[in-house]
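The next block is run.csv, given as CSV, C-alpha atoms.
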```csv
chain,number,residue,atom,x,y,z
A,707,MET,CA,-0.2,84.3,-9.3
A,708,LYS,CA,-3.8,84.7,-10.0
A,709,ALA,CA,-5.7,83.1,-12.9
A,710,THR,CA,-9.3,82.1,-13.6
A,711,ILE,CA,-9.9,78.9,-15.7
A,712,GLU,CA,-13.1,77.3,-17.0
A,713,ARG,CA,-13.7,74.1,-15.0
A,714,ALA,CA,-14.0,71.8,-18.1
A,715,LYS,CA,-10.6,73.1,-19.5
A,716,LEU,CA,-8.9,72.7,-16.1
A,717,LEU,CA,-10.3,69.3,-15.5
A,718,ARG,CA,-9.4,68.0,-19.0
A,719,CYS,CA,-5.8,69.3,-18.6
A,720,LEU,CA,-5.4,67.9,-15.1
A,721,SER,CA,-6.7,64.5,-16.2
A,722,HIS,CA,-3.9,64.4,-18.8
A,723,VAL,CA,-1.1,65.4,-16.4
A,724,GLN,CA,-2.1,63.8,-13.1
A,725,SER,CA,-1.9,60.2,-14.3
A,726,VAL,CA,1.8,60.7,-14.7
A,727,VAL,CA,2.1,61.5,-11.0
A,728,GLU,CA,2.8,58.4,-8.9
A,729,ARG,CA,0.4,58.1,-5.9
A,730,ARG,CA,3.3,57.3,-3.5
A,731,ASN,CA,6.4,59.5,-3.7
A,732,THR,CA,9.5,59.7,-1.5
A,733,ILE,CA,10.2,63.2,-3.0
A,734,PRO,CA,7.2,65.3,-2.0
A,735,ILE,CA,7.4,67.7,-5.0
A,736,LEU,CA,6.9,64.8,-7.4
A,737,SER,CA,3.3,64.6,-6.1
A,738,ASN,CA,2.7,68.1,-7.4
A,739,VAL,CA,1.8,69.7,-10.7
A,740,LEU,CA,3.6,72.9,-11.8
A,741,ILE,CA,1.2,75.7,-12.8
A,742,GLU,CA,2.7,78.7,-14.6
A,743,ALA,CA,0.5,81.6,-15.6
A,744,SER,CA,2.0,84.2,-18.0
A,745,ALA,CA,0.7,87.7,-18.6
A,746,ASP,CA,-0.3,86.9,-22.2
A,747,GLY,CA,-3.2,84.8,-20.9
A,748,ARG,CA,-1.6,81.4,-21.1
A,749,VAL,CA,-1.4,78.8,-18.4
A,750,ARG,CA,1.1,75.9,-18.6
A,751,ILE,CA,0.5,72.8,-16.4
A,752,MET,CA,3.2,70.2,-16.0
A,753,ALA,CA,3.8,66.9,-14.2
A,754,THR,CA,6.7,64.5,-14.0
A,755,ASP,CA,7.9,61.3,-12.4
A,756,LEU,CA,11.6,62.1,-13.4
A,757,ASP,CA,11.4,59.6,-16.3
A,758,LEU,CA,8.3,61.0,-18.0
A,759,GLN,CA,7.0,64.5,-18.3
A,760,VAL,CA,3.7,65.9,-19.6
A,761,VAL,CA,3.2,69.6,-20.3
A,762,GLU,CA,-0.1,71.1,-21.5
A,763,ASN,CA,-0.8,74.7,-22.5
A,764,LEU,CA,-4.1,76.3,-21.8
A,765,GLU,CA,-4.8,79.4,-23.9
A,766,THR,CA,-7.3,82.3,-23.6
A,767,VAL,CA,-7.3,82.1,-19.8
A,768,SER,CA,-7.9,85.2,-17.6
A,769,VAL,CA,-4.6,85.9,-15.9
A,770,GLU,CA,-4.6,88.8,-13.4
A,771,ALA,CA,-1.2,88.2,-12.0
A,772,ALA,CA,1.6,86.1,-13.7
A,773,GLY,CA,3.5,83.6,-11.5
A,774,ALA,CA,4.2,79.9,-11.0
A,775,ILE,CA,3.6,77.5,-8.1
A,776,THR,CA,3.4,73.7,-7.5
A,777,VAL,CA,0.4,72.1,-5.8
A,778,SER,CA,-0.8,68.5,-5.2
A,779,ALA,CA,-1.8,67.0,-8.5
A,780,HIS,CA,-4.4,64.5,-7.2
A,781,LEU,CA,-6.0,67.0,-4.7
A,782,LEU,CA,-6.5,69.7,-7.4
A,783,PHE,CA,-7.8,67.1,-9.9
A,784,ASP,CA,-10.3,65.7,-7.3
A,785,ILE,CA,-11.5,69.2,-6.5
A,786,ALA,CA,-11.9,70.1,-10.1
A,787,ARG,CA,-13.8,66.9,-10.7
A,788,LYS,CA,-16.3,67.7,-7.9
A,789,LEU,CA,-16.9,71.3,-8.8
A,790,PRO,CA,-20.2,72.2,-10.6
A,791,ASP,CA,-20.2,72.0,-14.4
A,792,GLY,CA,-19.7,75.3,-16.1
A,793,SER,CA,-18.1,77.0,-13.1
A,794,GLN,CA,-15.1,79.3,-13.4
A,795,VAL,CA,-12.3,78.2,-11.1
A,796,SER,CA,-10.0,80.9,-9.6
A,797,LEU,CA,-6.5,79.9,-8.6
A,798,GLU,CA,-4.7,82.4,-6.4
A,799,THR,CA,-1.4,82.0,-4.5
A,800,ALA,CA,-0.1,83.8,-1.4
A,801,ASP,CA,2.0,82.8,1.6
A,802,ASN,CA,2.8,79.2,0.5
A,803,ARG,CA,-0.9,78.5,0.0
A,804,MET,CA,-3.1,78.3,-3.1
A,805,THR,CA,-6.7,79.4,-2.8
A,806,VAL,CA,-9.1,77.6,-5.2
A,807,LYS,CA,-12.5,79.3,-5.5
A,808,ALA,CA,-15.5,78.3,-7.6
A,809,GLY,CA,-19.0,79.4,-6.9
A,810,ARG,CA,-19.5,79.1,-3.2
A,811,SER,CA,-16.6,76.6,-2.7
A,812,ARG,CA,-13.3,77.7,-1.4
A,813,PHE,CA,-10.2,75.5,-0.8
A,814,GLN,CA,-6.8,76.4,0.6
A,815,LEU,CA,-4.0,74.0,-0.4
A,816,PRO,CA,-0.4,73.8,0.6
A,817,THR,CA,2.2,74.6,-2.1
A,818,LEU,CA,5.9,74.1,-2.8
A,819,PRO,CA,8.0,76.6,-4.7
A,820,ARG,CA,8.4,76.2,-8.4
A,821,ASP,CA,12.3,76.3,-8.3
A,822,ASP,CA,12.4,72.9,-6.7
A,823,PHE,CA,10.3,71.3,-9.5
A,824,PRO,CA,12.5,69.0,-11.6
A,825,MET,CA,12.5,69.3,-15.4
A,826,ILE,CA,13.6,66.6,-17.9
A,827,VAL,CA,16.4,68.2,-19.9
A,828,GLU,CA,15.7,67.1,-23.4
A,829,GLY,CA,19.0,68.1,-25.0
A,830,ASP,CA,19.3,67.7,-28.8
A,831,LEU,CA,16.5,65.7,-30.5
A,832,PRO,CA,18.0,65.4,-34.0
A,833,THR,CA,15.4,63.0,-35.5
A,834,SER,CA,12.1,64.6,-36.2
A,835,PHE,CA,9.0,63.3,-38.2
A,836,GLU,CA,5.2,63.4,-38.1
A,837,LEU,CA,2.7,60.5,-38.0
A,838,PRO,CA,-1.1,60.7,-38.2
A,839,ALA,CA,-2.5,60.2,-34.7
A,840,ARG,CA,-4.8,57.4,-35.8
A,841,LEU,CA,-1.9,55.4,-37.3
A,842,LEU,CA,0.2,56.0,-34.2
A,843,ALA,CA,-2.7,54.8,-32.0
A,844,GLU,CA,-3.1,51.7,-34.1
A,845,MET,CA,0.6,51.0,-33.9
A,846,VAL,CA,0.5,51.2,-30.1
A,847,ASP,CA,-2.6,49.1,-29.8
A,848,ARG,CA,-1.3,46.3,-32.1
A,849,THR,CA,1.9,45.9,-30.2
A,850,ARG,CA,1.7,47.0,-26.5
A,851,PHE,CA,-0.1,44.0,-25.2
A,852,ALA,CA,3.1,41.9,-25.9
A,853,ILE,CA,5.3,44.2,-23.8
A,854,SER,CA,7.1,42.2,-21.0
A,855,THR,CA,6.3,43.0,-17.4
A,856,GLU,CA,9.3,41.1,-16.1
A,857,GLU,CA,11.6,43.7,-14.5
A,858,THR,CA,14.8,41.6,-14.9
A,859,ARG,CA,14.7,41.8,-18.6
A,860,TYR,CA,14.1,45.6,-18.5
A,861,TYR,CA,15.0,46.0,-22.2
A,862,LEU,CA,11.7,44.2,-23.1
A,863,ASN,CA,9.6,46.6,-20.9
A,864,GLY,CA,8.7,48.8,-23.9
A,865,ILE,CA,8.0,49.1,-27.6
A,866,PHE,CA,11.0,48.9,-29.8
A,867,LEU,CA,10.9,51.6,-32.6
A,868,HIS,CA,13.4,51.2,-35.5
A,869,VAL,CA,13.9,51.9,-39.2
A,870,THR,CA,14.8,48.9,-41.3
A,871,ASP,CA,14.3,47.9,-45.0
A,872,GLY,CA,12.8,51.4,-45.7
A,873,ASP,CA,10.1,51.0,-43.1
A,874,LEU,CA,9.4,52.2,-39.6
A,875,LYS,CA,8.7,49.2,-37.4
A,876,ALA,CA,7.4,48.9,-33.9
A,877,ALA,CA,7.9,45.6,-32.0
A,878,ALA,CA,7.2,44.2,-28.5
A,879,THR,CA,7.9,40.8,-27.0
A,880,ASP,CA,7.9,39.1,-23.6
A,881,GLY,CA,9.7,36.0,-24.9
A,882,HIS,CA,6.5,34.0,-25.3
A,883,ARG,CA,4.9,36.1,-28.0
A,884,LEU,CA,6.0,38.9,-30.4
A,885,ALA,CA,3.9,41.7,-32.0
A,886,ARG,CA,5.3,43.8,-34.9
A,887,PHE,CA,3.7,46.6,-36.8
A,888,THR,CA,5.2,48.0,-40.0
A,889,LEU,CA,4.5,51.3,-41.7
A,890,ALA,CA,6.1,53.3,-44.5
A,891,LYS,CA,9.1,55.3,-43.2
A,892,PRO,CA,8.0,58.8,-42.5
A,893,GLU,CA,9.9,61.8,-44.0
A,894,GLY,CA,12.6,62.8,-41.6
A,895,ALA,CA,13.1,59.3,-40.0
A,896,ASP,CA,16.4,58.6,-41.9
A,897,GLY,CA,19.3,57.8,-39.6
A,898,MET,CA,16.9,57.4,-36.7
A,899,PRO,CA,18.5,55.6,-33.7
A,900,ASP,CA,16.9,52.3,-32.5
A,901,VAL,CA,14.9,53.3,-29.4
A,902,ILE,CA,12.8,51.5,-26.7
A,903,VAL,CA,9.9,53.5,-25.5
A,904,PRO,CA,9.0,52.5,-21.9
A,905,ARG,CA,5.6,50.9,-21.0
A,906,LYS,CA,4.4,53.9,-18.9
A,907,ALA,CA,5.2,56.4,-21.7
A,908,VAL,CA,3.3,54.2,-24.2
A,909,ALA,CA,0.3,54.0,-21.9
A,910,GLU,CA,0.2,57.8,-21.3
A,911,LEU,CA,0.7,58.5,-25.0
A,912,ARG,CA,-2.2,56.2,-25.9
A,913,LYS,CA,-4.5,58.1,-23.4
A,914,LEU,CA,-3.5,61.4,-25.0
A,915,LEU,CA,-4.0,60.1,-28.5
A,916,GLU,CA,-7.7,59.3,-27.7
A,917,GLU,CA,-8.6,63.0,-27.8
A,918,ALA,CA,-6.4,63.9,-30.7
A,919,LEU,CA,-7.2,61.2,-33.3
A,920,ASP,CA,-7.8,63.6,-36.2
A,921,GLY,CA,-4.5,65.4,-36.1
A,922,ASN,CA,-0.9,64.6,-36.6
A,923,VAL,CA,1.7,63.9,-33.9
A,924,GLU,CA,5.1,65.4,-34.1
A,925,ILE,CA,7.8,63.0,-32.9
A,926,ASP,CA,11.3,64.2,-32.0
A,927,LEU,CA,13.9,61.9,-30.6
A,928,SER,CA,17.5,61.2,-29.7
A,929,ALA,CA,19.2,58.0,-28.5
A,930,SER,CA,18.1,58.8,-24.9
A,931,LYS,CA,14.9,60.9,-25.1
A,932,ILE,CA,11.7,61.0,-27.1
A,933,ARG,CA,9.1,63.8,-27.3
A,934,PHE,CA,5.5,63.6,-28.7
A,935,THR,CA,3.7,66.8,-29.5
A,936,LEU,CA,0.0,66.5,-29.9
A,937,GLY,CA,-2.4,69.2,-31.1
A,938,GLY,CA,0.4,71.6,-32.3
A,939,GLU,CA,0.7,74.9,-30.5
A,940,GLY,CA,-1.2,75.0,-27.2
A,941,GLY,CA,-1.4,71.2,-27.2
A,942,VAL,CA,0.1,68.6,-25.1
A,943,VAL,CA,3.8,67.6,-25.0
A,944,LEU,CA,4.9,64.3,-23.6
A,945,THR,CA,8.6,63.8,-23.1
A,946,SER,CA,10.1,60.5,-21.9
A,947,LYS,CA,13.5,59.0,-21.2
A,948,LEU,CA,14.1,55.9,-23.3
A,949,ILE,CA,15.1,52.5,-22.0
A,950,ASP,CA,18.9,52.2,-22.0
A,951,GLY,CA,19.4,48.7,-23.4
A,952,THR,CA,19.6,46.6,-26.5
A,953,PHE,CA,16.5,45.0,-27.9
A,954,PRO,CA,17.1,41.5,-29.1
A,955,ASP,CA,17.2,40.7,-32.8
A,956,TYR,CA,13.6,39.6,-32.9
A,957,SER,CA,13.6,39.0,-36.7
A,958,ARG,CA,15.3,35.6,-36.0
A,959,VAL,CA,12.2,34.2,-34.3
A,960,ILE,CA,9.8,35.2,-37.1
A,961,PRO,CA,9.3,31.9,-38.9
A,962,THR,CA,9.7,31.9,-42.7
A,963,GLY,CA,9.2,28.3,-43.6
A,964,ASN,CA,5.9,27.4,-41.8
A,965,ASP,CA,4.1,25.5,-44.5
A,966,LYS,CA,0.8,24.5,-42.8
A,967,LEU,CA,-1.7,27.2,-43.3
A,968,LEU,CA,-4.9,27.4,-41.2
A,969,ARG,CA,-7.5,30.0,-42.0
A,970,LEU,CA,-10.6,30.7,-39.8
A,971,ASP,CA,-12.9,33.4,-38.5
A,972,PRO,CA,-11.1,35.3,-35.7
A,973,LYS,CA,-14.3,36.0,-33.8
A,974,SER,CA,-15.6,32.5,-33.6
A,975,PHE,CA,-12.0,31.2,-32.9
A,976,TYR,CA,-11.6,33.8,-30.1
A,977,GLU,CA,-15.0,32.8,-28.6
A,978,GLY,CA,-14.2,29.1,-28.8
A,979,VAL,CA,-10.9,29.5,-27.1
A,980,ASP,CA,-12.5,31.7,-24.4
A,981,ARG,CA,-15.2,29.1,-23.7
A,982,VAL,CA,-13.0,26.1,-23.4
A,983,ALA,CA,-10.5,28.1,-21.3
A,984,THR,CA,-13.1,28.6,-18.7
A,985,ILE,CA,-12.1,25.4,-16.9
A,986,ALA,CA,-8.3,26.0,-17.3
A,987,THR,CA,-6.6,26.7,-14.0
A,988,GLU,CA,-3.6,29.0,-13.5
A,989,LYS,CA,-1.2,26.1,-13.9
A,990,THR,CA,-2.9,24.8,-17.1
A,991,ARG,CA,-3.6,27.8,-19.2
A,992,ALA,CA,-2.9,25.8,-22.2
A,993,VAL,CA,-5.6,25.1,-24.8
A,994,LYS,CA,-4.9,22.2,-27.2
A,995,MET,CA,-5.7,22.6,-30.9
A,996,GLY,CA,-6.3,19.4,-32.9
A,997,LEU,CA,-6.0,20.3,-36.6
A,998,GLU,CA,-7.8,18.2,-39.2
A,999,THR,CA,-9.1,18.8,-42.6
A,1000,ASP,CA,-11.3,21.9,-42.5
A,1001,LYS,CA,-11.8,21.9,-38.7
A,1002,VAL,CA,-10.0,22.6,-35.5
A,1003,THR,CA,-10.9,20.9,-32.2
A,1004,LEU,CA,-10.1,23.1,-29.2
A,1005,SER,CA,-9.8,21.3,-25.9
A,1006,VAL,CA,-8.7,21.9,-22.3
A,1007,THR,CA,-8.0,19.2,-19.7
A,1008,SER,CA,-7.8,20.3,-16.1
A,1009,PRO,CA,-7.1,17.8,-13.2
A,1010,ASP,CA,-9.3,19.9,-10.9
A,1011,ASN,CA,-12.1,21.1,-13.2
A,1012,GLY,CA,-12.6,18.4,-15.8
A,1013,THR,CA,-12.5,18.8,-19.6
A,1014,ALA,CA,-13.9,21.0,-22.3
A,1015,ALA,CA,-13.9,20.7,-26.1
A,1016,GLU,CA,-15.3,22.7,-29.0
A,1017,GLU,CA,-15.1,22.3,-32.8
A,1018,VAL,CA,-14.5,25.4,-34.9
A,1019,PRO,CA,-14.9,25.2,-38.7
A,1020,ALA,CA,-11.7,26.2,-40.5
A,1021,ASP,CA,-10.0,26.2,-43.9
A,1022,TYR,CA,-7.1,23.6,-43.5
A,1023,SER,CA,-5.8,21.0,-45.8
A,1024,SER,CA,-2.3,20.0,-44.4
A,1025,ASP,CA,-1.4,17.1,-42.2
A,1026,ALA,CA,-3.4,16.5,-39.1
A,1027,PHE,CA,-1.5,17.3,-35.8
A,1028,GLU,CA,-2.0,18.8,-32.4
A,1029,ILE,CA,-0.4,22.0,-30.9
A,1030,GLY,CA,-1.0,23.8,-27.6
A,1031,PHE,CA,-1.0,27.5,-26.8
A,1032,ASN,CA,-1.5,29.8,-23.8
A,1033,ALA,CA,-5.2,30.6,-24.1
A,1034,ASN,CA,-4.7,34.2,-22.9
A,1035,TYR,CA,-1.9,35.0,-25.3
A,1036,LEU,CA,-3.9,33.5,-28.2
A,1037,LYS,CA,-6.9,35.6,-27.2
A,1038,ASP,CA,-4.8,38.8,-27.0
A,1039,ILE,CA,-3.6,38.3,-30.5
A,1040,LEU,CA,-7.0,37.3,-31.9
A,1041,GLY,CA,-8.4,40.4,-30.3
A,1042,GLN,CA,-6.2,42.5,-32.6
A,1043,ILE,CA,-7.6,41.1,-35.8
A,1044,ASP,CA,-10.3,43.2,-37.3
A,1045,GLY,CA,-11.1,41.3,-40.5
A,1046,ASP,CA,-13.2,38.2,-41.3
A,1047,THR,CA,-10.2,35.8,-41.5
A,1048,VAL,CA,-7.0,35.2,-39.6
A,1049,GLU,CA,-4.1,33.1,-40.9
A,1050,LEU,CA,-2.0,30.8,-38.7
A,1051,HIS,CA,1.1,29.6,-40.3
A,1052,LEU,CA,2.2,26.5,-38.4
A,1053,ALA,CA,5.2,24.1,-38.7
A,1054,ASP,CA,5.1,21.5,-35.9
A,1055,PRO,CA,4.0,21.3,-32.2
A,1056,GLY,CA,7.3,22.7,-31.0
A,1057,ALA,CA,7.9,25.6,-33.4
A,1058,PRO,CA,6.7,29.2,-33.2
A,1059,THR,CA,3.5,30.0,-35.1
A,1060,LEU,CA,3.1,33.1,-37.3
A,1061,ILE,CA,-0.3,34.8,-37.0
A,1062,ARG,CA,-1.6,37.6,-39.2
A,1063,GLN,CA,-4.8,38.8,-40.9
A,1064,ASP,CA,-3.2,38.3,-44.4
A,1065,GLU,CA,0.0,39.1,-46.1
A,1066,LYS,CA,-0.9,42.7,-46.7
A,1067,SER,CA,-1.6,43.4,-43.0
A,1068,PRO,CA,0.9,45.8,-41.3
A,1069,ALA,CA,0.6,43.8,-38.1
A,1070,LEU,CA,2.3,40.4,-37.6
A,1071,TYR,CA,2.4,38.1,-34.5
A,1072,VAL,CA,4.5,35.2,-33.4
A,1073,LEU,CA,3.3,32.9,-30.7
A,1074,MET,CA,5.4,30.2,-29.0
A,1075,PRO,CA,3.6,26.9,-28.4
A,1076,MET,CA,3.1,25.2,-25.0
A,1077,ARG,CA,3.5,21.5,-24.2
A,1078,VAL,CA,0.0,19.9,-23.7
```
Is it possible to give me this structure as structure tokens?
Amino acid sequence: MKATIERAKLLRCLSHVQSVVERRNTIPILSNVLIEASADGRVRIMATDLDLQVVENLETVSVEAAGAITVSAHLLFDIARKLPDGSQVSLETADNRMTVKAGRSRFQLPTLPRDDFPMIVEGDLPTSFELPARLLAEMVDRTRFAISTEETRYYLNGIFLHVTDGDLKAAATDGHRLARFTLAKPEGADGMPDVIVPRKAVAELRKLLEEALDGNVEIDLSASKIRFTLGGEGGVVLTSKLIDGTFPDYSRVIPTGNDKLLRLDPKSFYEGVDRVATIATEKTRAVKMGLETDKVTLSVTSPDNGTAAEEVPADYSSDAFEIGFNANYLKDILGQIDGDTVELHLADPGAPTLIRQDEKSPALYVLMPMRV
């Protein structure tokens, strides 16, 4: 194989694929990327961790000899990063080595044969639809912070995508909080199976979306695999296995009868929570909210660090009461609210609270209270 690729192109492509590659691998070839050069001037670069695979096509590349080889992903990425801007990078293979040349630099890297490189077999992906990249990115951002990191409840380690009531919904929960994002069901999503997209796939997808926000993303899926195609032909394709498990019926925890409505400015509320939480220790991450007519008093009491309190003006006219929340969870949710007001629908100190921007907002959050 012999191909010459512009540094910027190579670097961008490697930055997409190398983050899939785990730093520590028991199977040596999983540390490598597969590089395939074809005679028609295309180079395909691919990486996998056996659960997730990213493939990117580079077009209009100078290919002198077609061929395919695998080489260390992180090494090649680090080399490409350090090469001078604007340089042409020549990749040539012979005798189980890859020679990388650019300007006056020359590297020789060990390789492994392409035949040993594992591929994810997609099988049939019967459900197929498109979403605008911006909308998909918003859906990911509004939900992924609530994904559980607890390995024992593996079925919560991802975003749950499902079609219900004529809408496509994305939900994530860790048992303490829930985030749900709703959008109109795209054409082609009828009969879609309920799927759980793993946390790592969600993170990689979000990185790729950052560079493709103006286009559409094609989504193809079955009950066991999902494929995201960004940038059409010559773009990036991310394929992931799905989490094999049943996501709990989260609609049961979304409160419908919370009659105490609190409205306030999300930014000043966030900053107030952040300030009083300064003295909270790991054990007492709870911030207490005292609700009275048109104001909320935020307070934290820590046996080690003393106390803190702050008043935040609010729109509230129900009964006065106190409720406690995990400060970090509350801040995570408030950080997702873009508007000038946020609504908290409360019931009592022991019941889940519903949080949203307003009733038209596609995003909805549920937060469990803490004892304070």
Best match for closeness to Lys1037 (chain A) among A:Phe934, A:Tyr1022, A:Phe851, A:Tyr956, counting all atoms listed in the file: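 The shortest atom-to-atom distance to Lys1037 (chain A) comes from A:Phe851.
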8 Å contact set for Leu970 (chain A), only C-alpha atoms, chain neighbours under 2 positions out, as a VMD selection string: chain A and resid 968 972 975 1019 to 1021 1047 to 1049
Spatial neighbours of Leu1073 (chain A), 10 Å, only C-alpha atoms, chain gap at least 3 places, as a ChimeraX atom specification: /A:879,881-885,959-960,1031-1032,1035-1036,1039,1050,1057-1061,1076
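Restricting the calculation to only C-alpha atoms, the smallest distance between Asp926 (chain A) and any of A:Ser1024, A:Thr817, A:Gln794, A:Thr945 is found for A:Thr945.
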Best match for closeness to Leu758 (chain A) among A:Ile826, A:Ile775, A:Leu915, A:Leu781, counting only C-alpha atoms: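 Residue with the minimum atom-to-atom distance to Leu758 (chain A): A:Ile826.
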Selection: 9 Å around Met898 (chain A), only C-alpha atoms, excl. self and same-chain fewer than 4 positions, as a ChimeraX atom specification: /A:832-834,868-869,894,927-929
Distance query Lys788 (chain A) at most 12 Å, only C-alpha atoms, self and fewer than 5 positions along chain excluded, as a VMD selection string: chain A and resid 713 to 714 717 781 to 783 793 795 808 811
